[in-house]
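Asks: Pasting structure-v3.txt below, which is compact mmCIF, C-alpha atoms and all ligand atoms.
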```txt
# COMPACT_ATOMS: atom_id res chain seq x y z
CA MET A 1 85.48 91.32 106.70
CA LYS A 2 85.52 94.80 108.24
CA ILE A 3 87.71 97.46 106.64
CA ILE A 4 88.17 101.14 107.47
CA ASN A 5 88.80 103.61 104.66
CA ILE A 6 90.37 106.92 105.65
CA VAL A 7 89.98 110.04 103.51
CA GLY A 8 90.35 113.72 104.30
CA ALA A 9 91.63 115.79 101.38
CA ARG A 10 90.12 116.50 97.96
CA PRO A 11 91.98 113.88 95.89
CA GLN A 12 91.13 111.18 98.43
CA PHE A 13 87.37 111.58 98.06
CA ILE A 14 87.90 111.07 94.34
CA LYS A 15 90.14 108.01 94.85
CA TYR A 16 87.76 106.42 97.34
CA PHE A 17 84.80 106.58 94.95
CA PRO A 18 85.76 103.59 92.71
CA ILE A 19 86.72 101.51 95.79
CA SER A 20 83.34 102.20 97.37
CA ARG A 21 81.63 101.31 94.08
CA ALA A 22 83.63 98.07 93.72
CA ILE A 23 82.77 97.05 97.31
CA ILE A 24 79.08 97.73 96.72
CA ARG A 25 79.23 95.59 93.55
CA MET A 26 81.02 92.75 95.31
CA ASN A 27 78.59 92.85 98.23
CA ALA A 28 75.64 92.67 95.83
CA GLU A 29 76.91 89.22 94.81
CA ASN A 30 78.00 88.13 98.26
CA PRO A 31 76.37 90.31 100.92
CA THR A 32 78.74 89.37 103.73
CA SER A 33 82.00 90.14 101.85
CA ILE A 34 83.14 93.54 103.04
CA ASN A 35 81.81 95.84 105.73
CA ASP A 36 83.16 99.21 104.57
CA ILE A 37 83.45 101.91 107.23
CA LEU A 38 84.47 105.40 106.12
CA ILE A 39 86.36 107.99 108.17
CA HIS A 40 86.57 111.60 106.93
CA THR A 41 89.32 113.32 108.90
CA GLY A 42 88.03 116.81 108.07
CA GLN A 43 91.39 118.00 106.70
CA HIS A 44 89.42 119.60 103.86
CA TYR A 45 86.10 121.08 104.93
CA ASP A 46 84.91 123.75 102.46
CA TYR A 47 81.95 122.59 100.35
CA LEU A 48 83.95 122.94 97.12
CA MET A 49 86.91 121.00 98.58
CA SER A 50 84.91 118.17 100.13
CA LYS A 51 81.14 117.66 100.04
CA VAL A 52 80.79 118.48 96.36
CA PHE A 53 82.61 115.22 95.55
CA PHE A 54 80.35 113.12 97.79
CA ASP A 55 77.37 114.70 96.02
CA GLU A 56 78.72 114.29 92.49
CA PHE A 57 79.79 110.68 92.88
CA GLY A 58 76.95 109.67 95.21
CA ILE A 59 79.43 108.50 97.87
CA PRO A 60 77.63 107.47 101.08
CA ALA A 61 78.13 109.87 104.01
CA PRO A 62 81.14 109.00 106.21
CA HIS A 63 80.45 106.95 109.34
CA TYR A 64 82.88 109.16 111.27
CA HIS A 65 83.71 112.81 110.64
CA LEU A 66 86.68 113.83 112.78
CA GLU A 67 86.57 117.58 112.02
CA VAL A 68 90.29 118.02 112.35
CA GLY A 69 90.45 121.12 110.11
CA SER A 70 93.54 123.14 109.20
CA GLY A 71 96.69 123.65 111.20
CA PRO A 72 100.46 123.24 111.18
CA HIS A 73 101.67 119.81 110.04
CA GLY A 74 102.46 118.42 113.47
CA ARG A 75 99.18 119.45 114.99
CA GLN A 76 97.09 118.40 112.00
CA THR A 77 98.80 115.00 111.65
CA GLY A 78 98.81 114.43 115.43
CA GLU A 79 95.13 115.22 115.77
CA ILE A 80 94.30 112.89 112.89
CA MET A 81 96.34 110.15 114.54
CA ALA A 82 94.70 110.59 117.95
CA LYS A 83 91.17 110.72 116.62
CA VAL A 84 91.62 107.84 114.15
CA GLU A 85 93.06 105.75 116.97
CA GLU A 86 89.84 106.11 118.98
CA VAL A 87 87.76 104.89 116.05
CA LEU A 88 90.10 101.99 115.29
CA GLU A 89 90.02 100.85 118.91
CA LYS A 90 86.25 100.84 118.83
CA GLU A 91 85.78 99.27 115.38
CA LYS A 92 88.71 96.82 115.36
CA PRO A 93 88.91 96.50 111.56
CA GLN A 94 90.85 93.72 109.81
CA LEU A 95 92.34 96.30 107.44
CA THR A 96 92.77 100.08 107.30
CA VAL A 97 93.03 101.60 103.82
CA VAL A 98 94.75 104.96 103.21
CA TYR A 99 95.20 106.89 99.96
CA GLY A 100 97.94 109.01 98.42
CA ASP A 101 100.27 111.28 100.37
CA THR A 102 98.49 113.76 102.59
CA ASN A 103 98.63 114.31 106.33
CA SER A 104 95.42 112.24 106.55
CA THR A 105 97.26 109.34 104.89
CA LEU A 106 100.16 109.39 107.32
CA GLY A 107 98.08 110.13 110.44
CA GLY A 108 95.73 107.26 109.62
CA ALA A 109 98.52 104.81 108.79
CA LEU A 110 100.45 105.65 111.97
CA ALA A 111 97.42 105.18 114.20
CA ALA A 112 96.67 101.78 112.67
CA ALA A 113 100.28 100.54 112.62
CA LYS A 114 100.82 101.41 116.29
CA LEU A 115 97.75 99.35 117.14
CA HIS A 116 99.34 96.49 115.14
CA LEU A 117 96.56 96.66 112.56
CA PRO A 118 97.35 95.95 108.89
CA VAL A 119 97.41 98.97 106.57
CA ALA A 120 96.84 99.03 102.81
CA HIS A 121 98.35 101.98 100.96
CA VAL A 122 96.65 102.86 97.68
CA GLU A 123 99.08 104.76 95.43
CA ALA A 124 102.16 103.24 97.04
CA GLY A 125 105.71 103.58 95.71
CA LEU A 126 105.54 107.07 94.25
CA ARG A 127 108.62 109.20 94.82
CA SER A 128 109.71 112.70 93.86
CA TYR A 129 113.06 112.16 95.62
CA ASN A 130 112.57 115.58 97.22
CA LYS A 131 112.20 115.31 100.98
CA TYR A 132 111.41 119.02 101.29
CA MET A 133 107.88 118.18 100.13
CA PRO A 134 105.49 117.20 102.93
CA GLU A 135 103.90 114.73 100.50
CA GLU A 136 107.22 112.88 99.99
CA ILE A 137 107.66 112.43 103.74
CA ASN A 138 104.08 111.18 104.02
CA ARG A 139 104.54 108.69 101.18
CA ILE A 140 107.81 107.19 102.39
CA LEU A 141 106.57 106.74 105.93
CA THR A 142 103.18 105.36 104.91
CA ASP A 143 104.84 102.77 102.67
CA GLN A 144 107.04 101.76 105.61
CA LEU A 145 103.96 101.24 107.80
CA SER A 146 101.92 99.23 105.32
CA THR A 147 101.19 95.53 104.85
CA LEU A 148 99.69 95.87 101.36
CA LEU A 149 101.28 98.26 98.87
CA PHE A 150 98.93 98.90 95.95
CA CYS A 151 101.07 100.43 93.19
CA PRO A 152 99.75 102.31 90.15
CA SER A 153 102.68 101.54 87.84
CA LEU A 154 105.85 99.55 87.30
CA ALA A 155 107.97 102.59 88.13
CA ALA A 156 106.34 102.72 91.58
CA ILE A 157 107.26 99.07 92.17
CA GLN A 158 110.84 99.75 91.12
CA ASN A 159 111.03 102.66 93.57
CA LEU A 160 109.99 100.32 96.38
CA GLN A 161 112.53 97.71 95.28
CA LYS A 162 115.28 100.35 95.54
CA GLU A 163 114.23 100.83 99.17
CA GLY A 164 114.54 97.12 99.89
CA PHE A 165 110.95 95.95 99.52
CA ALA A 166 111.13 92.52 97.93
CA ASN A 167 107.83 90.64 98.28
CA ILE A 168 106.27 91.27 94.87
CA PHE A 169 102.97 89.69 93.87
CA ASN A 170 102.58 88.22 90.37
CA ALA A 171 106.19 89.20 89.49
CA GLY A 172 105.14 92.86 89.26
CA SER A 173 102.74 92.29 86.34
CA LEU A 174 99.29 93.85 86.43
CA VAL A 175 97.19 91.34 88.34
CA PRO A 176 94.04 89.84 86.77
CA VAL A 177 90.85 91.72 87.62
CA GLU A 178 89.42 88.50 89.02
CA PRO A 179 92.46 86.62 90.35
CA SER A 180 92.06 82.91 91.01
CA GLN A 181 92.35 81.54 94.54
CA GLU A 182 95.48 79.57 93.46
CA MET A 183 97.40 82.82 93.03
CA PHE A 184 97.19 83.30 96.80
CA THR A 185 97.82 79.79 98.09
CA ASP A 186 101.60 80.09 98.48
CA LEU A 187 101.55 83.54 100.05
CA GLY A 188 101.02 82.51 103.66
CA ILE A 189 100.70 85.17 106.31
CA ILE A 190 101.54 88.72 105.18
CA ASN A 191 102.79 91.17 107.77
CA LYS A 192 104.38 94.60 108.02
CA ASN A 193 107.88 93.17 108.09
CA GLN A 194 107.39 91.70 104.64
CA PRO A 195 104.67 93.74 102.98
CA LEU A 196 103.19 92.59 99.69
CA ILE A 197 103.67 94.79 96.61
CA ILE A 198 100.89 94.66 94.02
CA ASN A 199 100.65 96.19 90.55
CA ASN A 200 96.98 97.07 90.20
CA GLY A 201 97.05 100.14 87.90
CA ASP A 202 95.97 103.68 88.72
CA ILE A 203 92.68 104.16 90.48
CA MET A 204 92.41 107.69 89.07
CA TYR A 205 91.98 106.16 85.62
CA ASP A 206 88.88 104.31 86.88
CA VAL A 207 87.48 107.64 88.02
CA LEU A 208 88.34 109.47 84.82
CA LEU A 209 86.64 106.88 82.60
CA PHE A 210 83.50 107.16 84.72
CA ALA A 211 83.63 110.96 84.80
CA VAL A 212 84.05 111.41 81.06
CA GLN A 213 80.67 109.69 80.57
CA ALA A 214 78.92 111.51 83.39
CA ALA A 215 80.47 114.90 82.65
CA ALA A 216 79.02 115.02 79.15
CA ARG A 217 75.55 115.12 80.73
CA ARG A 218 76.22 117.07 83.89
CA ALA A 219 78.97 119.65 83.46
CA THR A 220 78.01 123.28 82.93
CA VAL A 221 81.40 124.92 83.08
CA LEU A 222 81.94 125.73 79.41
CA SER A 223 78.72 127.67 79.00
CA ARG A 224 79.26 129.39 82.37
CA LEU A 225 82.74 130.60 81.52
CA GLN A 226 82.17 131.17 77.78
CA LEU A 227 85.54 129.77 76.80
CA PRO A 228 86.68 129.25 73.20
CA ALA A 229 86.74 125.43 72.79
CA GLY A 230 90.26 124.14 72.13
CA ALA A 231 91.88 127.56 72.55
CA TYR A 232 92.35 128.20 76.27
CA ALA A 233 94.75 127.04 78.96
CA ILE A 234 94.03 125.81 82.51
CA LEU A 235 96.15 126.69 85.53
CA THR A 236 96.09 125.02 88.95
CA LEU A 237 98.55 125.79 91.71
CA HIS A 238 98.48 124.72 95.34
CA ARG A 239 101.68 122.92 96.39
CA ALA A 240 103.33 124.44 99.44
CA GLU A 241 106.68 124.44 97.57
CA ASN A 242 105.10 126.95 95.12
CA THR A 243 102.63 128.91 97.19
CA ASP A 244 104.73 129.39 100.32
CA ASN A 245 107.80 130.73 98.56
CA ILE A 246 107.32 134.24 97.21
CA ARG A 247 110.27 134.11 94.80
CA ARG A 248 109.02 130.87 93.34
CA PHE A 249 105.47 132.21 93.18
CA ASP A 250 106.67 135.29 91.25
CA GLU A 251 108.61 133.11 88.81
CA ILE A 252 105.51 131.04 88.09
CA ILE A 253 103.34 134.13 87.61
CA ASP A 254 105.82 135.40 84.98
CA PHE A 255 105.74 132.02 83.25
CA VAL A 256 101.93 131.89 83.24
CA ASN A 257 101.69 135.47 81.96
CA GLY A 258 103.90 134.44 79.05
CA VAL A 259 101.54 131.60 78.15
CA ALA A 260 98.56 133.95 78.59
CA GLN A 261 99.80 136.01 75.64
CA LYS A 262 98.84 133.04 73.48
CA TYR A 263 95.85 131.56 75.33
CA PRO A 264 93.34 132.94 77.81
CA VAL A 265 93.95 131.10 81.09
CA VAL A 266 91.30 129.84 83.51
CA PHE A 267 92.55 129.38 87.06
CA PRO A 268 90.43 127.55 89.70
CA VAL A 269 92.08 128.77 92.90
CA HIS A 270 92.77 126.34 95.79
CA PRO A 271 92.09 127.83 99.28
CA ARG A 272 95.79 127.52 100.21
CA THR A 273 96.74 129.64 97.21
CA GLN A 274 93.93 132.10 97.88
CA LYS A 275 95.36 132.61 101.35
CA MET A 276 99.02 132.81 100.41
CA TYR A 277 99.13 134.99 97.36
CA GLY A 278 97.89 138.29 98.83
CA GLN A 279 99.10 141.15 96.63
CA ALA A 280 100.81 138.77 94.20
CA LYS A 281 97.52 138.02 92.49
CA ASN A 282 97.46 141.51 91.00
CA ARG A 283 100.54 140.52 89.01
CA PHE A 284 98.61 137.98 86.94
CA SER A 285 97.78 139.19 83.43
CA SER A 286 94.17 140.25 82.83
CA ARG A 287 93.92 137.20 80.56
CA VAL A 288 94.14 134.94 83.63
CA GLU A 289 90.62 134.42 85.00
CA MET A 290 90.51 133.32 88.64
CA ILE A 291 87.52 131.21 89.66
CA GLU A 292 86.48 129.09 92.65
CA PRO A 293 87.60 125.44 92.87
CA LEU A 294 85.64 123.23 90.46
CA GLY A 295 83.80 119.96 90.98
CA TYR A 296 85.24 116.90 89.27
CA PHE A 297 82.84 116.75 86.32
CA ASP A 298 83.41 120.41 85.50
CA MET A 299 87.18 119.95 85.79
CA VAL A 300 87.19 116.99 83.41
CA THR A 301 85.03 118.85 80.88
CA LEU A 302 87.27 121.89 81.08
CA LEU A 303 90.31 119.72 80.54
CA GLN A 304 88.85 117.85 77.55
CA GLN A 305 88.48 121.10 75.59
CA ALA A 306 91.74 122.76 76.68
CA ALA A 307 94.74 123.49 74.47
CA LEU A 308 97.14 123.28 77.40
CA VAL A 309 97.24 122.68 81.15
CA MET A 310 99.74 124.13 83.65
CA THR A 311 99.65 122.50 87.05
CA ASP A 312 101.47 121.34 90.16
CA SER A 313 98.78 118.73 90.90
CA GLY A 314 99.62 115.04 90.49
CA GLY A 315 96.14 113.99 89.41
CA LEU A 316 95.85 116.60 86.68
CA GLN A 317 99.17 115.56 85.09
CA LYS A 318 97.78 112.08 84.51
CA GLU A 319 94.32 113.23 83.47
CA ALA A 320 95.98 115.43 80.82
CA TYR A 321 98.03 112.40 79.68
CA TRP A 322 94.96 110.16 79.42
CA LEU A 323 92.92 112.81 77.60
CA LYS A 324 95.87 113.75 75.38
CA VAL A 325 96.13 117.38 76.44
CA PRO A 326 99.67 118.83 76.60
CA CYS A 327 100.68 119.54 80.20
CA ILE A 328 103.36 121.74 81.73
CA THR A 329 104.18 120.71 85.30
CA LEU A 330 105.00 123.67 87.55
CA ARG A 331 107.53 121.78 89.62
CA ASP A 332 111.18 120.77 89.42
CA GLU A 333 110.38 117.05 89.43
CA THR A 334 107.38 114.77 89.12
CA GLU A 335 106.43 111.39 90.53
CA TRP A 336 104.54 110.62 87.31
CA VAL A 337 107.64 110.05 85.20
CA GLU A 338 105.77 108.05 82.54
CA THR A 339 103.78 111.15 81.52
CA VAL A 340 107.04 112.99 80.81
CA ALA A 341 108.53 110.02 78.94
CA SER A 342 105.41 109.92 76.74
CA GLY A 343 105.97 113.53 75.61
CA TRP A 344 102.57 114.78 76.88
CA ASN A 345 104.03 116.32 80.03
CA VAL A 346 107.05 118.59 80.44
CA LEU A 347 108.57 120.19 83.53
CA TYR A 348 108.31 123.95 83.17
CA LYS A 349 112.07 124.47 83.56
CA ASP A 350 112.49 122.28 80.44
CA TYR A 351 109.70 123.90 78.44
CA GLN A 352 110.98 125.63 75.32
CA GLY A 353 107.69 127.00 74.01
CA ARG A 354 106.53 123.74 72.46
CA HIS A 355 105.99 120.14 73.46
CA TYR A 356 108.24 117.24 72.56
CA PRO A 357 107.07 114.73 69.97
CA LYS A 358 104.55 112.35 71.50
CA THR A 359 105.46 108.71 71.67
CA ALA A 360 103.02 105.87 71.20
CA ALA A 361 104.13 104.33 74.50
CA GLU A 362 102.24 101.45 76.09
CA PRO A 363 99.64 102.74 78.54
CA ALA A 364 101.56 103.11 81.78
CA TYR A 365 98.87 103.03 84.43
CA GLY A 366 96.72 99.96 83.83
CA ASP A 367 93.31 99.73 82.23
CA GLY A 368 90.87 101.62 84.45
CA ARG A 369 89.93 98.60 86.59
CA ALA A 370 92.28 99.21 89.50
CA ALA A 371 89.56 99.39 92.16
CA MET A 372 88.07 96.00 91.36
CA ARG A 373 91.58 94.47 91.54
CA ILE A 374 92.20 96.08 94.93
CA VAL A 375 88.90 94.94 96.38
CA GLN A 376 89.33 91.39 95.03
CA ILE A 377 92.81 91.10 96.51
CA ILE A 378 91.67 92.46 99.86
CA SER A 379 88.88 89.92 100.06
CA HIS A 380 91.13 87.02 98.98
CA LEU A 381 93.71 87.99 101.60
CA ALA A 382 91.26 88.72 104.43
CA ARG A 383 92.60 85.88 106.57
CA ASN A 384 96.28 86.22 105.61
CA LEU A 385 96.90 89.71 107.03
CA THR A 386 98.43 90.49 110.38
C1 LIG B 401 96.70 118.90 100.89
C2 LIG B 401 97.82 117.88 100.79
C3 LIG B 401 98.36 117.85 99.37
C4 LIG B 401 97.22 117.63 98.38
C5 LIG B 401 96.17 118.70 98.59
C6 LIG B 401 94.99 118.52 97.65
C7 LIG B 401 99.11 117.59 102.87
C8 LIG B 401 100.39 117.86 103.53
N1 LIG B 401 98.93 118.21 101.69
O1 LIG B 401 97.28 120.19 100.68
O2 LIG B 401 99.28 116.79 99.25
O3 LIG B 401 97.74 117.73 97.06
O4 LIG B 401 95.70 118.65 99.94
O5 LIG B 401 94.15 119.63 97.72
O6 LIG B 401 98.29 116.86 103.38
N2 LIG B 401 91.80 125.22 103.39
C9 LIG B 401 90.57 125.82 103.32
N3 LIG B 401 89.47 125.03 103.09
C10 LIG B 401 89.59 123.69 102.93
C11 LIG B 401 90.85 123.09 103.01
C12 LIG B 401 91.96 123.87 103.22
O7 LIG B 401 90.43 127.02 103.43
O8 LIG B 401 88.55 123.03 102.72
C13 LIG B 401 92.98 126.07 103.62
C14 LIG B 401 93.36 126.03 105.08
O9 LIG B 401 93.38 127.29 105.58
C15 LIG B 401 94.75 125.45 105.11
C16 LIG B 401 95.21 125.48 103.68
O10 LIG B 401 94.05 125.59 102.86
O11 LIG B 401 95.60 126.17 105.95
C17 LIG B 401 95.97 124.25 103.35
O12 LIG B 401 95.21 123.06 103.62
P1 LIG B 401 95.95 121.70 104.04
O13 LIG B 401 94.95 120.64 104.26
O14 LIG B 401 96.91 121.98 105.12
O15 LIG B 401 96.83 121.31 102.79
P2 LIG B 401 96.60 121.52 101.23
O16 LIG B 401 97.40 122.67 100.80
O17 LIG B 401 95.14 121.52 100.83
```
Could I get this file's structure written as structure tokens?
Replies:
Amino acid sequence: MKIINIVGARPQFIKYFPISRAIIRMNAENPTSINDILIHTGQHYDYLMSKVFFDEFGIPAPHYHLEVGSGPHGRQTGEIMAKVEEVLEKEKPQLTVVYGDTNSTLGGALAAAKLHLPVAHVEAGLRSYNKYMPEEINRILTDQLSTLLFCPSLAAIQNLQKEGFANIFNAGSLVPVEPSQEMFTDLGIINKNQPLIINNGDIMYDVLLFAVQAAARRATVLSRLQLPAGAYAILTLHRAENTDNIRRFDEIIDFVNGVAQKYPVVFPVHPRTQKMYGQAKNRFSSRVEMIEPLGYFDMVTLLQQAALVMTDSGGLQKEAYWLKVPCITLRDETEWVETVASGWNVLYKDYQGRHYPKTAAEPAYGDGRAAMRIVQIISHLARNLT
């Protein structure tokens, strides 16, 4: 079976890693299983936003690099669509896999859907219910274009049900890591008009469990930055809704400066933020240390020793939850509602200087074996997809 994986932005290189690893493992047992072709759209191109992750995780170089680069949404998404289309026409894959909610996700999904090719969306069903976010538009449309909807949680499945999606595999329960062939016999042909919803758990948990092991040997960040273990905070900030709105940006700087009175803050700065904040950066307290973006192993190590994290990233909210680090989300809403319900995450407008009591809730995002489930299901369904 030939599949095309499409990545382009930082979190997608990270999400693709466990899929690539699971395919390599499956092919070791059955060499003809999956022919995995990788497209890098080039949405992210700086070494620290892209290649560093291929190097750290040992991901094979992409077969196609489209070098789309930065630009306004329409141009960036349109260029991705046009260039992906050329590759799809040449390769004729049985399935195109897209990840998350970026312009690379939507551009890739649109190109495939218009060629009548099946699309699998990894991280389907997430909603902020705020259509002023580019990511929300990308998610909704990508789900609408997909044949397989791989969901990280029950809440994601419920979001899809509210939108009328009804074909739910295994009654919405986490599927077995090695599902039996019988589970698929009644499914018949699956198409875009009745996409299949699957609860496979969160692929980012697979990555985190791997990285915690590897980071202990390979990360150098703590000695480089000389931080007091357990007594510093981390800040990350890159969402357009925060960086492109000066009033909002100012409000967040005041909030962070308040926290900095208690903890020194380390702030790996995303290129978007670097570009947008101009003079505003002088308003950060001297206890906020700005550094370049970090590789994944350094980020995980930094997080493990932190007292607190402040972020508008989706991935970091869950990593903080899994590693039991209190998190303040610098947004008005979050897609990762389970992290808030657990008490480990709080929206900054609700933060009253301390965290809520933590609950001993059931783990919300599976067991760290999401990628193997996805790859198994894809190979079982190879002939059922149109
Ligand atoms: C994108 C995603 C966002 C995701 C984020 C992860 C969309 C709409 N947004 O946001 O959902 O959370 O990636 O990082 O797809 N730039 C560089 N070097 C790079 C990459 C970007 O300098 O390697 C600069 C460019 O000048 C660009 C700006 O950062 O204008 C924004 O990049 P872009 O890809 O448009 O979106 P992100 O803000 O990174």
Asks: Per residue of chain A within 7 Å of ligand LIG 401 (chain B), record the nearest atom pair and its distance in Å to one decimal, counting all atoms listed in the file, with rows in chain order and ascending residue number, as CSV.
Replies:
```
residue,atom,partner,partner_atom,distance
A:Ala9,CA,B:LIG401,O4,5.2
A:Arg10,CA,B:LIG401,O5,5.1
A:Pro11,CA,B:LIG401,C6,5.8
A:Gln43,CA,B:LIG401,O13,5.1
A:His44,CA,B:LIG401,O8,3.7
A:Tyr45,CA,B:LIG401,O8,3.8
A:Asp46,CA,B:LIG401,O8,3.7
A:Met49,CA,B:LIG401,O8,4.9
A:Ser50,CA,B:LIG401,O8,6.6
A:Ser70,CA,B:LIG401,C15,4.9
A:Gly71,CA,B:LIG401,O11,5.9
A:His73,CA,B:LIG401,C8,6.9
A:Asp101,CA,B:LIG401,O2,5.7
A:Thr102,CA,B:LIG401,O6,3.2
A:Asn103,CA,B:LIG401,O6,3.9
A:Ser104,CA,B:LIG401,O6,6.3
A:Pro134,CA,B:LIG401,C8,5.2
A:Glu135,CA,B:LIG401,O2,5.2
A:His238,CA,B:LIG401,O16,5.9
A:Arg239,CA,B:LIG401,O16,6.2
A:Ala240,CA,B:LIG401,O16,6.3
A:Pro271,CA,B:LIG401,O7,4.5
A:Arg272,CA,B:LIG401,O10,3.7
A:Ser313,CA,B:LIG401,O3,6.3
```
Asks: Taking 2 positions as the minimum chain separation for residues in the same chain, which residues sit within 12 Å of range 242-244 of chain A when counting all atoms listed in the file? Answer as number ranges by chain.
Replies: A: 132-133, 236-240, 246-253, 269-278, 280-281, 311-313, 329-332
Asks: Using all atoms listed in the file, which residues of range 120-154 of chain A come within 10 Å of range 368-371 of chain A, and what is the closest atom pair for each, with the distance in Å to one decimal? Give it as a tab-separated table, sorted by chain and residue number.
Replies:
```
residue	atom	partner	partner_atom	distance
A:Val122	CA	A:Ala371	CA	9.6
A:Phe150	CA	A:Ala370	CA	9.3
A:Cys151	CA	A:Ala370	CA	9.6
A:Pro152	CA	A:Ala370	CA	8.1
```
Asks: Rank nothing, just name the residue among A:Ile140, A:Ala61, A:Ile37, A:Ala364 nearest to Val337 in chain A, using only C-alpha atoms.
Replies: A:Ala364
Asks: Rounded to one decimal, what separation in Å do you get between CA of Leu316 in chain A and CA of Thr77 in chain A?
Replies: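 It comes out at 25.2 Å.
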Asks: From the set A:Asn257, A:Asn200, A:Ser180, A:Thr334, which residue has the shortest atom-to-atom contact distance to Asn282 in chain A, counting all atoms listed in the file?
Replies: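 Ranking A:Asn257, A:Asn200, A:Ser180, A:Thr334 by distance to Asn282 in chain A, first place goes to A:Asn257.
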Asks: Between CA of Leu115 in chain A and CA of Lys92 in chain A, what is the distance, to one decimal in Å?
Replies: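 Interatomic distance here is 9.6 Å.
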Asks: Between A:Phe57, A:Lys131, A:His121, A:Gly258, which is the closest to Ile198 in chain A once you count all atoms listed in the file?
Replies: A:His121
Asks: Could you tell me how far CA of Phe210 in chain A lies from CA of Ile14 in chain A, in Å and to one decimal?
Replies: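 Going from CA of Phe210 in chain A over to CA of Ile14 in chain A covers 11.3 Å.
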Asks: Taking 4 positions as the minimum chain separation for residues in the same chain, which residues sit within 12 Å of Tyr263 in chain A when counting all atoms listed in the file? Answer as a VMD selection string.
Replies: chain A and resid 227 to 235 256 to 259 285 to 289 306 to 310
Asks: Any idea what's packed within 8 Å of range 217-222 of chain A, counting only C-alpha atoms, ignoring anything in its chain fewer than 3 positions away? Could you give it as a ChimeraX atom specification?
Replies: /A:213-214,225-227,297-298,301-302
Asks: Select, from A:Asn30, A:Thr147, A:Ser342, A:Gln279, the residue with the minimum atom-to-atom distance to His116 in chain A, counting all atoms listed in the file.
Replies: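 Counting all atoms listed in the file, the residue closest to His116 in chain A is A:Thr147.
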Asks: Rank A:Ala112, A:Gln305, A:Ile3, A:Glu89 by their smallest atom-to-atom distance to Ala216 in chain A, using all atoms listed in the file, and report the top residue only.
Replies: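 Nearest candidate to Ala216 in chain A out of A:Ala112, A:Gln305, A:Ile3, A:Glu89: A:Gln305.
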Asks: Please tell me which residues are no farther than 12 Å from (98.3, 80.9, 98.3) in the file, counting only C-alpha atoms, and write them as an MDAnalysis selection string.
Replies: chainID A and resid 169:170 179:190 377 380:381 383:384
Asks: Could you pull the residues within 12 Å of Pro118 in chain A, counting all atoms listed in the file, minus those fewer than 3 positions along the same chain, as a PDB file with C-alpha atoms, keeping the file's coordinate frame?
Replies:
```pdb
ATOM      1  CA  LYS A   2      85.520  94.800 108.240  1.00  0.00           C
ATOM      2  CA  ILE A   3      87.710  97.460 106.640  1.00  0.00           C
ATOM      3  CA  ILE A   4      88.170 101.140 107.470  1.00  0.00           C
ATOM      4  CA  LEU A  88      90.100 101.990 115.290  1.00  0.00           C
ATOM      5  CA  LYS A  92      88.710  96.820 115.360  1.00  0.00           C
ATOM      6  CA  PRO A  93      88.910  96.500 111.560  1.00  0.00           C
ATOM      7  CA  GLN A  94      90.850  93.720 109.810  1.00  0.00           C
ATOM      8  CA  LEU A  95      92.340  96.300 107.440  1.00  0.00           C
ATOM      9  CA  THR A  96      92.770 100.080 107.300  1.00  0.00           C
ATOM     10  CA  VAL A  97      93.030 101.600 103.820  1.00  0.00           C
ATOM     11  CA  VAL A  98      94.750 104.960 103.210  1.00  0.00           C
ATOM     12  CA  GLY A 108      95.730 107.260 109.620  1.00  0.00           C
ATOM     13  CA  ALA A 109      98.520 104.810 108.790  1.00  0.00           C
ATOM     14  CA  LEU A 110     100.450 105.650 111.970  1.00  0.00           C
ATOM     15  CA  ALA A 111      97.420 105.180 114.200  1.00  0.00           C
ATOM     16  CA  ALA A 112      96.670 101.780 112.670  1.00  0.00           C
ATOM     17  CA  ALA A 113     100.280 100.540 112.620  1.00  0.00           C
ATOM     18  CA  LYS A 114     100.820 101.410 116.290  1.00  0.00           C
ATOM     19  CA  LEU A 115      97.750  99.350 117.140  1.00  0.00           C
ATOM     20  CA  HIS A 121      98.350 101.980 100.960  1.00  0.00           C
ATOM     21  CA  THR A 142     103.180 105.360 104.910  1.00  0.00           C
ATOM     22  CA  ASP A 143     104.840 102.770 102.670  1.00  0.00           C
ATOM     23  CA  GLN A 144     107.040 101.760 105.610  1.00  0.00           C
ATOM     24  CA  LEU A 145     103.960 101.240 107.800  1.00  0.00           C
ATOM     25  CA  SER A 146     101.920  99.230 105.320  1.00  0.00           C
ATOM     26  CA  THR A 147     101.190  95.530 104.850  1.00  0.00           C
ATOM     27  CA  LEU A 148      99.690  95.870 101.360  1.00  0.00           C
ATOM     28  CA  LEU A 149     101.280  98.260  98.870  1.00  0.00           C
ATOM     29  CA  ILE A 189     100.700  85.170 106.310  1.00  0.00           C
ATOM     30  CA  ILE A 190     101.540  88.720 105.180  1.00  0.00           C
ATOM     31  CA  ASN A 191     102.790  91.170 107.770  1.00  0.00           C
ATOM     32  CA  LYS A 192     104.380  94.600 108.020  1.00  0.00           C
ATOM     33  CA  ASN A 193     107.880  93.170 108.090  1.00  0.00           C
ATOM     34  CA  GLN A 194     107.390  91.700 104.640  1.00  0.00           C
ATOM     35  CA  PRO A 195     104.670  93.740 102.980  1.00  0.00           C
ATOM     36  CA  LEU A 196     103.190  92.590  99.690  1.00  0.00           C
ATOM     37  CA  ILE A 378      91.670  92.460  99.860  1.00  0.00           C
ATOM     38  CA  LEU A 381      93.710  87.990 101.600  1.00  0.00           C
ATOM     39  CA  ALA A 382      91.260  88.720 104.430  1.00  0.00           C
ATOM     40  CA  ARG A 383      92.600  85.880 106.570  1.00  0.00           C
ATOM     41  CA  ASN A 384      96.280  86.220 105.610  1.00  0.00           C
ATOM     42  CA  LEU A 385      96.900  89.710 107.030  1.00  0.00           C
ATOM     43  CA  THR A 386      98.430  90.490 110.380  1.00  0.00           C
TER      44      THR A 386
END
```
